[in-house]
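S.K.: Structure: start-v2.txt, compact mmCIF, C-alpha atoms.
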# COMPACT_ATOMS: atom_id res chain seq x y z
CA MET A 1 10.56 -44.57 9.05
CA HIS A 2 13.30 -42.42 10.59
CA ASP A 3 15.63 -39.71 9.29
CA ARG A 4 19.39 -39.62 9.81
CA ASN A 5 18.92 -37.94 13.23
CA GLY A 6 16.69 -40.74 14.45
CA LEU A 7 13.48 -38.71 14.26
CA SER A 8 10.40 -40.51 13.03
CA LYS A 9 8.49 -39.41 9.96
CA PRO A 10 6.06 -37.95 10.81
CA ILE A 11 7.58 -36.33 13.90
CA ARG A 12 5.72 -37.54 16.99
CA TRP A 13 5.08 -34.60 19.28
CA GLY A 14 4.37 -34.41 22.96
CA VAL A 15 2.37 -31.23 23.66
CA ILE A 16 2.37 -29.62 27.10
CA GLY A 17 -0.56 -27.23 27.53
CA CYS A 18 -4.07 -27.59 26.14
CA GLY A 19 -5.34 -24.05 26.24
CA ASP A 20 -6.47 -21.50 23.71
CA VAL A 21 -3.22 -21.31 21.75
CA LEU A 22 -3.30 -25.05 21.00
CA GLU A 23 -7.01 -25.15 20.24
CA ARG A 24 -7.18 -22.12 17.93
CA LYS A 25 -3.67 -21.50 16.57
CA SER A 26 -1.07 -24.24 16.68
CA GLY A 27 -3.26 -27.33 16.91
CA PRO A 28 -4.82 -26.96 13.44
CA SER A 29 -1.31 -26.70 11.95
CA PHE A 30 -0.25 -29.97 13.56
CA HIS A 31 -3.42 -31.76 12.52
CA GLN A 32 -3.09 -30.65 8.88
CA SER A 33 0.59 -31.54 8.60
CA GLU A 34 1.79 -34.71 6.90
CA ARG A 35 5.17 -34.52 8.63
CA SER A 36 4.04 -34.05 12.23
CA CYS A 37 1.48 -35.66 14.50
CA ILE A 38 0.48 -35.08 18.10
CA GLN A 39 1.13 -38.28 20.04
CA THR A 40 0.50 -37.09 23.60
CA VAL A 41 -1.15 -34.05 25.19
CA VAL A 42 -0.55 -32.85 28.75
CA SER A 43 -2.50 -30.43 30.94
CA SER A 44 -1.89 -29.54 34.57
CA ASP A 45 -5.16 -31.14 35.66
CA GLY A 46 -5.30 -33.86 33.01
CA GLU A 47 -8.94 -33.02 32.27
CA SER A 48 -8.43 -30.51 29.45
CA ALA A 49 -5.88 -32.89 27.94
CA ALA A 50 -8.46 -35.68 27.99
CA ARG A 51 -11.07 -33.44 26.33
CA TYR A 52 -8.61 -32.32 23.66
CA ALA A 53 -7.49 -35.90 22.98
CA GLU A 54 -11.06 -37.10 22.59
CA ILE A 55 -12.04 -34.31 20.19
CA HIS A 56 -8.87 -34.50 18.09
CA ASP A 57 -8.16 -38.24 18.21
CA VAL A 58 -4.86 -37.97 20.10
CA SER A 59 -3.54 -41.27 21.42
CA VAL A 60 -2.48 -40.29 24.94
CA ALA A 61 -3.72 -37.66 27.43
CA THR A 62 -2.14 -37.14 30.82
CA GLY A 63 -1.57 -34.70 33.65
CA ASP A 64 2.06 -35.78 34.02
CA ALA A 65 4.56 -33.85 31.87
CA GLU A 66 7.32 -36.26 32.86
CA GLN A 67 5.57 -38.91 30.76
CA VAL A 68 6.37 -36.87 27.64
CA MET A 69 10.03 -36.59 28.59
CA THR A 70 10.54 -40.30 29.26
CA ASP A 71 8.43 -41.78 26.46
CA PRO A 72 10.71 -43.13 23.69
CA GLU A 73 7.78 -42.80 21.28
CA ILE A 74 7.92 -38.99 21.59
CA ASP A 75 10.40 -37.35 19.21
CA ALA A 76 9.96 -33.65 20.09
CA VAL A 77 8.21 -31.48 22.66
CA TYR A 78 5.94 -28.47 22.06
CA ILE A 79 5.48 -26.30 25.16
CA ALA A 80 2.23 -24.33 25.02
CA SER A 81 1.76 -23.87 28.76
CA PRO A 82 2.06 -20.46 30.50
CA PRO A 83 5.51 -18.75 30.50
CA ASP A 84 6.34 -19.52 34.14
CA THR A 85 6.73 -23.19 33.13
CA HIS A 86 8.75 -22.67 29.95
CA GLU A 87 12.24 -22.93 31.43
CA GLU A 88 11.41 -25.97 33.57
CA PHE A 89 9.87 -27.95 30.71
CA THR A 90 12.47 -26.86 28.14
CA VAL A 91 15.33 -27.98 30.38
CA ALA A 92 13.59 -31.31 31.08
CA ALA A 93 12.96 -31.96 27.39
CA ALA A 94 16.53 -31.05 26.46
CA GLU A 95 17.92 -33.37 29.13
CA ALA A 96 15.74 -36.10 27.63
CA GLY A 97 17.37 -35.40 24.24
CA LYS A 98 14.23 -34.03 22.61
CA PRO A 99 14.07 -30.89 20.40
CA VAL A 100 11.83 -28.15 21.80
CA LEU A 101 9.32 -25.74 20.29
CA VAL A 102 8.25 -23.26 22.97
CA GLU A 103 5.56 -20.63 22.81
CA LYS A 104 6.35 -16.96 23.18
CA PRO A 105 7.26 -15.09 25.22
CA MET A 106 10.25 -17.38 25.58
CA GLY A 107 10.19 -17.04 29.36
CA ARG A 108 9.79 -14.37 32.02
CA SER A 109 13.29 -12.91 31.77
CA VAL A 110 16.61 -13.02 29.98
CA THR A 111 17.86 -15.23 32.81
CA GLU A 112 15.23 -17.88 32.12
CA GLY A 113 15.89 -17.62 28.39
CA ARG A 114 19.59 -18.20 28.92
CA GLY A 115 18.82 -21.24 31.05
CA MET A 116 16.79 -22.68 28.18
CA ILE A 117 19.48 -21.95 25.58
CA ASP A 118 22.21 -23.44 27.76
CA ALA A 119 20.22 -26.63 28.39
CA CYS A 120 19.57 -27.17 24.68
CA ASP A 121 23.21 -26.40 23.83
CA ARG A 122 24.45 -28.93 26.37
CA ALA A 123 22.11 -31.59 25.01
CA GLY A 124 22.77 -30.71 21.36
CA VAL A 125 19.06 -30.31 20.56
CA GLU A 126 17.26 -27.59 18.62
CA LEU A 127 15.32 -24.88 20.41
CA PHE A 128 12.59 -23.08 18.45
CA VAL A 129 10.54 -20.15 19.75
CA ALA A 130 7.06 -19.70 18.28
CA TYR A 131 7.32 -16.24 16.77
CA TYR A 132 5.26 -17.56 13.87
CA ARG A 133 4.82 -14.24 12.02
CA ARG A 134 8.41 -14.58 10.82
CA PHE A 135 7.12 -17.23 8.43
CA HIS A 136 4.00 -15.51 7.13
CA ARG A 137 4.24 -14.87 3.43
CA HIS A 138 3.91 -11.07 3.55
CA VAL A 139 6.66 -10.82 6.18
CA GLU A 140 8.93 -12.92 3.98
CA GLU A 141 8.13 -10.57 1.07
CA ILE A 142 9.09 -7.58 3.23
CA ARG A 143 12.28 -9.36 4.21
CA SER A 144 13.12 -9.94 0.55
CA LEU A 145 12.61 -6.25 -0.33
CA LEU A 146 14.95 -5.26 2.49
CA ALA A 147 17.57 -7.86 1.53
CA GLU A 148 17.51 -6.65 -2.08
CA GLY A 149 18.08 -3.07 -0.92
CA ARG A 150 14.90 -1.87 -2.61
CA ILE A 151 14.29 0.89 -0.04
CA GLY A 152 17.98 1.68 0.36
CA GLU A 153 19.48 1.65 3.82
CA PRO A 154 16.80 1.33 6.52
CA VAL A 155 16.62 4.48 8.62
CA CYS A 156 13.65 4.09 10.96
CA ALA A 157 10.70 1.89 11.78
CA ILE A 158 7.37 2.77 13.35
CA VAL A 159 5.08 0.22 14.98
CA ASN A 160 1.71 1.06 16.49
CA TYR A 161 -0.29 -1.84 17.88
CA ALA A 162 -3.38 -1.57 20.06
CA HIS A 163 -6.56 -3.42 20.95
CA PRO A 164 -9.06 -3.21 23.81
CA ARG A 165 -8.12 -5.44 26.71
CA PRO A 166 -10.35 -8.55 26.97
CA ASN A 167 -12.67 -8.69 29.97
CA ASP A 168 -11.17 -11.99 31.09
CA SER A 169 -7.44 -12.13 30.39
CA GLY A 170 -6.73 -14.93 32.85
CA TRP A 171 -3.06 -15.61 33.55
CA ARG A 172 -1.98 -13.11 30.86
CA GLU A 173 -2.48 -10.35 33.43
CA MET A 174 -0.65 -12.17 36.22
CA PRO A 175 3.01 -11.11 35.82
CA GLU A 176 4.28 -13.83 38.14
CA ILE A 177 2.93 -16.34 35.58
CA SER A 178 3.02 -14.45 32.28
CA GLY A 179 6.05 -12.23 32.72
CA GLY A 180 3.95 -9.15 31.94
CA GLY A 181 0.69 -8.05 30.40
CA TRP A 182 -0.67 -7.68 26.90
CA PHE A 183 2.38 -5.87 25.54
CA VAL A 184 4.56 -8.79 26.58
CA ASP A 185 2.05 -11.28 25.20
CA ALA A 186 1.05 -9.64 21.91
CA THR A 187 3.24 -6.67 21.01
CA SER A 188 6.31 -8.85 21.55
CA HIS A 189 5.51 -10.36 18.14
CA ARG A 190 6.08 -6.95 16.51
CA VAL A 191 9.24 -6.32 18.52
CA ASP A 192 10.54 -9.70 17.36
CA LEU A 193 9.82 -8.75 13.74
CA LEU A 194 11.91 -5.58 14.09
CA CYS A 195 14.84 -7.69 15.28
CA HIS A 196 14.20 -10.30 12.58
CA LEU A 197 13.97 -7.78 9.73
CA LEU A 198 16.43 -5.10 10.85
CA GLY A 199 18.89 -6.66 13.30
CA ALA A 200 19.65 -7.11 16.97
CA PRO A 201 19.01 -4.25 19.41
CA THR A 202 21.88 -2.01 20.49
CA GLU A 203 19.90 0.37 22.73
CA ALA A 204 16.43 0.31 24.28
CA THR A 205 14.42 2.60 26.52
CA GLY A 206 10.76 2.60 27.44
CA VAL A 207 7.92 4.37 29.20
CA VAL A 208 5.20 2.21 30.75
CA ARG A 209 1.76 3.13 32.05
CA CYS A 210 0.01 0.79 34.46
CA ASP A 211 -3.52 1.54 35.62
CA ASP A 212 -4.74 0.85 39.12
CA GLY A 213 -7.46 -1.72 39.50
CA ASP A 214 -7.81 -5.46 39.22
CA SER A 215 -5.07 -5.62 36.60
CA GLN A 216 -1.89 -3.72 37.31
CA THR A 217 -0.18 -4.83 34.14
CA GLU A 218 0.91 -2.47 31.39
CA THR A 219 -1.93 -0.61 29.69
CA ALA A 220 0.23 1.59 27.45
CA VAL A 221 3.88 1.35 26.43
CA SER A 222 6.20 3.46 24.32
CA LEU A 223 9.58 2.03 23.33
CA SER A 224 12.54 3.60 21.58
CA LEU A 225 14.96 1.11 20.08
CA SER A 226 18.15 1.28 18.10
CA VAL A 227 18.95 -1.85 16.09
CA ALA A 228 21.79 -3.07 13.90
CA ASP A 229 23.48 -0.11 12.15
CA GLY A 230 21.63 2.56 14.09
CA VAL A 231 18.13 2.08 12.68
CA CYS A 232 15.78 4.04 14.96
CA CYS A 233 12.58 2.24 15.92
CA THR A 234 9.55 3.32 17.91
CA VAL A 235 6.92 0.95 19.22
CA THR A 236 3.74 2.24 20.83
CA SER A 237 0.98 0.06 22.16
CA ASP A 238 -2.12 0.45 24.30
CA PHE A 239 -4.88 -1.81 25.57
CA VAL A 240 -7.36 0.63 27.08
CA GLY A 241 -8.05 3.07 24.24
CA ALA A 242 -10.96 2.83 21.82
CA GLY A 243 -10.47 0.84 18.62
CA SER A 244 -7.61 -1.23 17.31
CA THR A 245 -4.57 -0.66 15.12
CA ASP A 246 -1.72 -2.77 13.77
CA ARG A 247 0.49 -0.42 11.73
CA PHE A 248 4.02 -1.44 10.73
CA VAL A 249 6.28 0.94 8.75
CA ILE A 250 9.92 0.77 7.67
CA ARG A 251 11.48 3.80 6.01
CA GLY A 252 14.78 3.80 4.13
CA THR A 253 17.04 6.16 2.22
CA ALA A 254 15.38 5.22 -1.08
CA GLY A 255 11.83 4.29 -0.16
CA SER A 256 9.45 2.84 2.39
CA ILE A 257 7.31 -0.17 3.26
CA VAL A 258 3.93 0.42 4.88
CA ALA A 259 1.56 -2.19 6.28
CA GLU A 260 -1.50 -0.32 7.50
CA THR A 261 -2.70 -3.55 9.11
CA LEU A 262 0.16 -5.98 9.52
CA ASP A 263 -1.95 -9.10 9.96
CA SER A 264 -4.03 -8.38 6.85
CA GLY A 265 -1.19 -9.72 4.70
CA ASP A 266 -1.18 -6.53 2.58
CA PHE A 267 1.43 -3.79 2.34
CA THR A 268 2.50 -1.02 0.01
CA TYR A 269 5.99 0.05 -0.99
CA GLU A 270 7.62 3.04 -2.59
CA VAL A 271 11.08 2.94 -4.13
CA ALA A 272 12.90 5.18 -6.57
CA GLY A 273 10.60 5.60 -9.55
CA GLU A 274 8.26 2.83 -8.50
CA SER A 275 5.43 2.17 -6.13
CA GLY A 276 3.23 -0.84 -5.69
CA SER A 277 1.30 -3.08 -3.38
CA VAL A 278 1.58 -6.68 -2.28
CA ALA A 279 -1.44 -8.70 -1.18
CA CYS A 280 -0.81 -12.08 0.41
CA ASN A 281 -3.49 -14.46 1.54
CA GLN A 282 -3.66 -14.89 5.27
CA PRO A 283 -2.28 -18.28 6.28
CA GLU A 284 -4.83 -21.03 6.63
CA THR A 285 -3.38 -21.79 10.07
CA THR A 286 -1.36 -19.25 12.02
CA HIS A 287 1.45 -21.65 12.92
CA GLY A 288 1.54 -23.40 9.54
CA GLY A 289 4.64 -21.68 8.17
CA LEU A 290 6.46 -22.02 11.48
CA LEU A 291 5.70 -25.74 11.69
CA ASP A 292 6.82 -26.24 8.10
CA HIS A 293 10.10 -24.56 9.08
CA VAL A 294 10.52 -26.67 12.21
CA GLU A 295 9.96 -29.83 10.19
CA ALA A 296 12.45 -28.70 7.54
CA VAL A 297 15.09 -28.13 10.22
CA LEU A 298 14.50 -31.41 12.05
CA LEU A 299 13.92 -33.65 9.03
CA ASP A 300 15.82 -31.97 6.19
CA GLY A 301 18.73 -30.34 7.97
CA LYS A 302 17.73 -26.74 7.21
CA THR A 303 19.02 -23.88 9.38
CA ASN A 304 16.87 -22.81 12.32
CA ARG A 305 15.60 -19.23 11.78
CA SER A 306 13.62 -18.88 15.02
CA THR A 307 16.13 -19.87 17.67
CA GLY A 308 16.39 -19.18 21.35
CA ARG A 309 19.22 -16.78 20.58
CA ASP A 310 16.89 -14.90 18.23
CA ALA A 311 14.09 -14.73 20.79
CA ILE A 312 16.27 -13.67 23.71
CA GLN A 313 16.83 -10.32 21.96
CA THR A 314 13.14 -9.58 22.46
CA GLU A 315 13.33 -10.89 26.04
CA ALA A 316 16.10 -8.36 26.71
CA ILE A 317 13.99 -5.48 25.37
CA LEU A 318 11.02 -6.59 27.48
CA ASP A 319 13.22 -6.95 30.57
CA LYS A 320 14.77 -3.52 30.28
CA CYS A 321 11.78 -1.51 29.06
CA VAL A 322 8.65 -3.18 30.46
CA ARG A 323 9.31 -5.82 33.10
CA SER A 324 11.17 -3.43 35.36
CA VAL A 325 7.75 -2.37 36.71
CA TYR A 326 7.18 -5.94 37.96
CA ALA A 327 10.29 -6.23 40.11
CA ASP A 328 8.33 -7.78 43.00
CA ALA A 329 6.41 -10.27 40.85
CA ILE A 330 8.95 -11.67 38.39
CA PRO A 331 12.08 -13.57 39.46
CA THR A 332 15.04 -11.21 39.52
CA THR A 333 17.17 -11.25 36.41
CA VAL A 334 20.95 -11.20 36.65
CA TRP A 335 21.30 -9.59 33.24
CA ASP A 336 23.02 -6.20 33.58
CA GLY A 337 20.77 -4.50 31.02
CA SER A 338 23.51 -3.65 28.53
CA PHE A 339 23.35 -4.00 24.77
CA PRO A 340 24.34 -5.57 22.47
CA LEU A 341 23.12 -8.67 24.26
CA THR A 342 25.51 -11.59 24.52
CA ASP A 343 24.61 -15.00 25.90
Hey, can you dump this file as structure tokens for me?
M.R.:
Amino acid sequence: MHDRNGLSKPIRWGVIGCGDVLERKSGPSFHQSERSCIQTVVSSDGESAARYAEIHDVSVATGDAEQVMTDPEIDAVYIASPPDTHEEFTVAAAEAGKPVLVEKPMGRSVTEGRGMIDACDRAGVELFVAYYRRFHRHVEEIRSLLAEGRIGEPVCAIVNYAHPRPNDSGWREMPEISGGGWFVDATSHRVDLLCHLLGAPTEATGVVRCDDGDSQTETAVSLSLSVADGVCCTVTSDFVGAGSTDRFVIRGTAGSIVAETLDSGDFTYEVAGESGSVACNQPETTHGGLLDHVEAVLLDGKTNRSTGRDAIQTEAILDKCVRSVYADAIPTTVWDGSFPLTD
């Protein structure tokens, strides 16, 4: 059975990359969905793809990504490989006429992000970026409170995210592959939420600390952002201090929203004459809401709310405020660093 766009129901996905993100986060969402199925998995060596296919009963495993692009039985492509491959595979999928869901960060620079957007525009296919927290229930509740004007006009936002750096971070601490370190990999989710909830950035500055040693990626970052109508945002993050934190606060002229631990699904709010709390169950699978959204766009004609143009706003902030310390490792961007960003 096919929809009016020629996509099968369920959508048959080709997945490139069989690492941790597929095994623990996105894979369970695909396997539980009634409107998507994984048809083919690809890994650079073919071996991890074969293991994944055997465990999860996937029809085809290969080490050749081109097989996904040329197979008429594949409707859409999910790119879960490291960021240095994102532009190449996105362009190839778009040229094959297949919609693309790509993991974050979108790429290693604004320049790569623009290449991905342009390729999908030329081909007339959808480009989704996997900032899945946009679709978690508590974030949608926060978005509703803001849209209803319950805290008045937003004035400032404060984000503080930290966790000890894992002993073995693999490619995530190789800027030539990852486009940065743990801030780029993890805190980018919170930066994306600021843009999603409050608007596109108009100014951005940052201070970055990089420790000497085996990893020379960012160990602490402090950003100052201005978004939309002058909302002032600060984002601080570290990966060498003791303990963890995940605080997310938005203050307005008539109240505030405070998530002491963003990923708990709980937050409190205060508005004129009223205060309360919201407790949302954590999603059963982290990518579940995102995949539901992707399916609704591709099969039901809904509007894409996690586009390449959305994600490139975060890429621009990362380029200007963090990636500047990796000038020798990351391909040079031709973006001039000015906001608001246009593509």
S.K.: Could you write out as AutoDock Vina command-line options the box around stretch 263-279 of chain A (axis-aligned, all atoms listed in the file, 4 Å on each side), with centre and edge lengths in Å to one decimal?
M.R.:
--center_x 4.4 --center_y -2.1 --center_z 0.2 --size_x 24.9 --size_y 23.3 --size_z 27.5
S.K.: Residues within 10 Å of stretch 131-140 of chain A, please, as a VMD selection string. Count only C-alpha atoms; anything in the same chain fewer than 6 positions from it doesn't count.
M.R.: chain A and resid 26 102 to 106 146 188 to 190 192 to 193 196 to 197 259 262 to 267 278 to 283 286 to 293 305 to 307 310 to 311
S.K.: So which one's closest to A:Ser222, A:Ser36, A:Ser256, A:Asn160, A:Asn304? Using only C-alpha atoms, please.
M.R.: A:Asn160
S.K.: Can you tell me, as a ChimeraX atom specification, what residues are no more than 8 Å from stretch 108-122 of chain A when counting all atoms listed in the file, ignoring any on the same chain fewer than 3 positions away?
M.R.: /A:83-84,87,90-91,94-95,99,105,125-127,177-180,308-309,312,315-316,318-319,330-331,333-335,343
S.K.: Out of A:Ser59, A:Asn167, A:Thr236, A:Ser226, which residue has the shortest atom-to-atom distance to A:Val155 when counting all atoms listed in the file?
M.R.: A:Ser226
S.K.: Counting only C-alpha atoms, what is within 8 Å of A:Cys210, bar same-chain residues fewer than 3 positions away, as a list in words?
M.R.: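 So, after excluding close chain neighbours, the residues are Gln216, Thr217, Glu218, Thr219 and Ala220 of chain A.
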S.K.: Atom CA of A:Asp75 and atom CA of A:Lys98, how far apart in Å?
M.R.: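 Between atom CA of A:Lys98 and atom CA of A:Asp75 the gap works out to 6.1 Å.
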S.K.: Which residues are close to stretch 269-274 of chain A, i.e. within 8 Å by only C-alpha atoms, leaving aside same-chain residues fewer than 2 positions away? Reply as a CSV table (one decimal) with C-alpha atoms, in the frame of the given file.
M.R.:
chain,number,residue,atom,x,y,z
A,150,ARG,CA,14.9,-1.9,-2.6
A,151,ILE,CA,14.3,0.9,0.0
A,254,ALA,CA,15.4,5.2,-1.1
A,255,GLY,CA,11.8,4.3,-0.2
A,256,SER,CA,9.4,2.8,2.4
A,257,ILE,CA,7.3,-0.2,3.3
A,258,VAL,CA,3.9,0.4,4.9
A,267,PHE,CA,1.4,-3.8,2.3
A,276,GLY,CA,3.2,-0.8,-5.7
A,277,SER,CA,1.3,-3.1,-3.4
S.K.: Go through A:Gly206, A:Gly97, A:Gly19, A:Gly107 and flag the residue nearest A:Val221, using all atoms listed in the file for the distances.
M.R.: A:Gly206
S.K.: In Å, how far is it from atom CA of A:Gly27 to atom CA of A:Phe183?
M.R.: 23.8 Å
S.K.: Can you work out which one of A:Trp182, A:Thr314, A:Asp57, A:Arg143 has the shortest atom-to-atom distance to A:Gly170, counting all atoms listed in the file?
M.R.: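 Closest residue, counting all atoms listed in the file: A:Trp182.
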S.K.: Select, from A:Val21, A:Leu223, A:Val159, A:Ala96, the residue with the minimum atom-to-atom distance to A:Val207, counting all atoms listed in the file.
M.R.: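 Comparing A:Val21, A:Leu223, A:Val159, A:Ala96 against A:Val207, the winner is A:Leu223.
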S.K.: Kindly give the distance, in Å, that separates atom CA of A:Gly14 and atom CA of A:Leu101, rounded to a single decimal.
M.R.: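 According to the coordinates, atom CA of A:Gly14 and atom CA of A:Leu101 are separated by 10.3 Å.
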S.K.: Calculated over all atoms listed in the file, which of the candidates A:Ile74, A:Val41, A:Ile79, A:Ala123 has the smallest distance to A:Ala61?
M.R.: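 With all atoms listed in the file as the atom set, the closest residue is A:Val41.
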S.K.: Just the residues within 12 Å of A:His56, please, counting all atoms listed in the file, with nothing from its chain fewer than 5 positions along; format it as a list of chain:residue names.
M.R.: A:Cys18, A:Leu22, A:Glu23, A:Gly27, A:Pro28, A:Phe30, A:His31, A:Gln32, A:Cys37, A:Ile38, A:Gln39, A:Thr40, A:Val41, A:Ala49, A:Ala50, A:Arg51, A:Ala61
